[in-house]
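Structure data follow from protein.cif (mmCIF, C-alpha atoms and all ligand atoms):
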```
data_data
#
loop_
_atom_site.group_PDB
_atom_site.id
_atom_site.type_symbol
_atom_site.label_atom_id
_atom_site.label_comp_id
_atom_site.auth_asym_id
_atom_site.auth_seq_id
_atom_site.Cartn_x
_atom_site.Cartn_y
_atom_site.Cartn_z
ATOM 1 C CA MET N 1 14.786 4.779 2.005
ATOM 2 C CA ILE N 2 16.266 7.650 4.007
ATOM 3 C CA ILE N 3 17.051 10.986 2.392
ATOM 4 C CA PRO N 4 20.810 11.389 1.883
ATOM 5 C CA VAL N 5 22.313 14.120 4.052
ATOM 6 C CA ARG N 6 24.039 15.809 1.123
ATOM 7 C CA CYS N 7 23.277 16.179 -2.569
ATOM 8 C CA PHE N 8 25.212 13.537 -4.529
ATOM 9 C CA SER N 9 26.333 16.029 -7.175
ATOM 10 C CA CYS N 10 27.152 19.312 -5.443
ATOM 11 C CA GLY N 11 27.376 18.371 -1.744
ATOM 12 C CA LYS N 12 24.791 20.843 -0.446
ATOM 13 C CA VAL N 13 23.121 19.713 2.795
ATOM 14 C CA ILE N 14 19.542 18.818 1.836
ATOM 15 C CA ALA N 15 18.317 16.441 4.543
ATOM 16 C CA SER N 16 17.193 19.245 6.849
ATOM 17 C CA ASP N 17 15.291 20.927 4.010
ATOM 18 C CA TYR N 18 13.531 17.691 3.068
ATOM 19 C CA ARG N 19 11.530 17.603 6.328
ATOM 20 C CA LYS N 20 10.445 21.216 5.821
ATOM 21 C CA PHE N 21 9.521 20.423 2.219
ATOM 22 C CA VAL N 22 7.379 17.437 3.202
ATOM 23 C CA ALA N 23 5.612 19.456 5.901
ATOM 24 C CA LYS N 24 4.793 22.326 3.541
ATOM 25 C CA ILE N 25 3.676 20.038 0.725
ATOM 26 C CA GLY N 26 1.505 18.054 3.129
ATOM 27 C CA GLU N 27 -0.460 21.204 3.908
ATOM 28 C CA SER N 28 -1.040 21.873 0.198
ATOM 29 C CA LYS N 29 -2.421 18.499 -0.852
ATOM 30 C CA THR N 30 -5.854 18.458 -2.450
ATOM 31 C CA ALA N 31 -8.600 15.955 -1.625
ATOM 32 C CA ASP N 32 -7.255 13.451 -4.157
ATOM 33 C CA GLY N 33 -3.733 13.665 -2.676
ATOM 34 C CA LYS N 34 -2.159 15.670 -5.483
ATOM 35 C CA VAL N 35 -0.127 18.856 -5.203
ATOM 36 C CA ASP N 36 -0.071 21.686 -7.744
ATOM 37 C CA GLN N 37 3.234 21.907 -9.618
ATOM 38 C CA LYS N 38 3.487 25.645 -8.971
ATOM 39 C CA ILE N 39 3.274 25.076 -5.219
ATOM 40 C CA VAL N 40 6.096 22.521 -5.373
ATOM 41 C CA GLU N 41 8.240 24.930 -7.401
ATOM 42 C CA LYS N 42 7.520 27.820 -5.024
ATOM 43 C CA THR N 43 8.263 25.685 -1.948
ATOM 44 C CA LEU N 44 11.639 24.570 -3.326
ATOM 45 C CA ASP N 45 12.516 28.185 -4.154
ATOM 46 C CA GLU N 46 11.528 29.329 -0.652
ATOM 47 C CA LEU N 47 13.761 26.670 0.909
ATOM 48 C CA GLY N 48 16.698 27.932 -1.155
ATOM 49 C CA ILE N 49 17.020 24.793 -3.261
ATOM 50 C CA LYS N 50 17.902 26.385 -6.592
ATOM 51 C CA ARG N 51 20.046 23.792 -8.386
ATOM 52 C CA TYR N 52 18.300 21.023 -10.264
ATOM 53 C CA CYS N 53 20.699 18.425 -8.833
ATOM 54 C CA CYS N 54 19.437 19.234 -5.327
ATOM 55 C CA ARG N 55 15.824 19.453 -6.504
ATOM 56 C CA ARG N 56 15.964 15.970 -7.983
ATOM 57 C CA MET N 57 17.268 14.610 -4.658
ATOM 58 C CA ILE N 58 14.185 15.902 -2.856
ATOM 59 C CA LEU N 59 11.607 15.285 -5.583
ATOM 60 C CA SER N 60 12.708 11.722 -6.288
ATOM 61 C CA GLN N 61 12.869 10.672 -2.633
ATOM 62 C CA ALA N 62 10.528 7.792 -1.676
ATOM 63 C CA ASP N 63 10.067 7.275 2.072
ATOM 64 C CA LEU N 64 10.149 3.492 2.357
ATOM 65 C CA ILE N 65 11.860 3.085 5.730
ATOM 66 C CA ASP N 66 8.602 2.585 7.658
ATOM 67 C CA GLU N 67 7.570 -0.168 5.231
ATOM 68 C CA ILE N 68 10.947 -1.947 5.397
ATOM 69 C CA ILE N 69 11.520 -1.858 9.188
ATOM 70 C CA PRO N 70 9.074 -4.750 9.960
ATOM 71 C CA PHE N 71 11.142 -7.074 7.741
ATOM 72 C CA SER N 72 14.498 -6.388 9.380
HETATM 73 ZN ZN ZN H 1 22.993 19.628 -5.638
#
```

Please rewrite the model in this file as structure tokens.
Amino acid sequence: MIIPVRCFSCGKVIASDYRKFVAKIGESKTADGKVDQKIVEKTLDELGIKRYCCRRMILSQADLIDEIIPFS
């Protein structure tokens, strides 16, 4: 749905970094829509997301809000 504002485990604010992450990853997509793992790792490091609890919050996020809004 919507990215949580804070990491569930440590409380670090991650919502603002998620938009930057999506923008940077969007630039790095190949023709088949995939992104190299090294680029994802480098992008997370550049954004200062070091802990794996915060990384899982961003990597496991599925943006479904635009698909759900028509049914509400
Ligand atoms: Zn965390």

Residues returned when the PyMOL selection byres (((chain N and resi 10-12) around 12) and not hetatm) runs on this file, as an mmCIF file with C-alpha atoms, in the coordinates of the input:
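Just written: result.cif:
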```cif
data_model
loop_
_atom_site.group_PDB
_atom_site.id
_atom_site.type_symbol
_atom_site.label_atom_id
_atom_site.label_comp_id
_atom_site.auth_asym_id
_atom_site.auth_seq_id
_atom_site.Cartn_x
_atom_site.Cartn_y
_atom_site.Cartn_z
ATOM 1 C CA PRO N 4 20.810 11.389 1.883
ATOM 2 C CA VAL N 5 22.313 14.120 4.052
ATOM 3 C CA ARG N 6 24.039 15.809 1.123
ATOM 4 C CA CYS N 7 23.277 16.179 -2.569
ATOM 5 C CA PHE N 8 25.212 13.537 -4.529
ATOM 6 C CA SER N 9 26.333 16.029 -7.175
ATOM 7 C CA VAL N 13 23.121 19.713 2.795
ATOM 8 C CA ILE N 14 19.542 18.818 1.836
ATOM 9 C CA ALA N 15 18.317 16.441 4.543
ATOM 10 C CA SER N 16 17.193 19.245 6.849
ATOM 11 C CA ASP N 17 15.291 20.927 4.010
ATOM 12 C CA GLY N 48 16.698 27.932 -1.155
ATOM 13 C CA ILE N 49 17.020 24.793 -3.261
ATOM 14 C CA LYS N 50 17.902 26.385 -6.592
ATOM 15 C CA ARG N 51 20.046 23.792 -8.386
ATOM 16 C CA TYR N 52 18.300 21.023 -10.264
ATOM 17 C CA CYS N 53 20.699 18.425 -8.833
ATOM 18 C CA CYS N 54 19.437 19.234 -5.327
ATOM 19 C CA ARG N 55 15.824 19.453 -6.504
ATOM 20 C CA ARG N 56 15.964 15.970 -7.983
ATOM 21 C CA MET N 57 17.268 14.610 -4.658
ATOM 22 C CA ILE N 58 14.185 15.902 -2.856
#
```

Inset, instruction - Just give me the gap between CA of Leu64 (chain N) and CA of Ile2 (chain N) in Å, one decimal is fine. - result: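 Spanning CA of Leu64 (chain N) to CA of Ile2 (chain N) is a straight-line distance of 7.6 Å.
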
Legend entry - Selection: 12 Å around Ser28 (chain N), only C-alpha atoms, excl. self and same-chain fewer than 4 positions, as JSON, numbers by chain: {"N": [21, 22, 23, 24, 32, 33, 34, 35, 36, 37, 38, 39, 40, 42, 43]}

Inset, instruction - Using the chain letters and residue numbers of this document, give as a VMD selection string the residues selected by the PyMOL selection byres (((chain N and resi 63) around 9) and not hetatm). - result: chain N and resid 1 to 3 61 to 62 64 to 67

Legend entry - Atomic separation - CA of Arg19 (chain N) relative to CA of Leu44 (chain N), Å: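 Spanning CA of Leu44 (chain N) to CA of Arg19 (chain N) is a straight-line distance of 11.9 Å.
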
Inset, instruction - Using all atoms listed in the file, pick whichever of N:Ser60, N:Ile25, N:Pro70, N:Tyr18 has the shortest atom-to-atom distance to Glu41 (chain N). - result: N:Ile25

Could you give me the centre and size, in Å to one decimal, of an axis-aligned box around all listed atoms of region 60-65 of chain N with 5 Å added on every side, as lines of an AutoDock Vina configuration file?
```
center_x = 11.5
center_y = 7.4
center_z = -0.3
size_x = 12.8
size_y = 18.6
size_z = 22.0
```
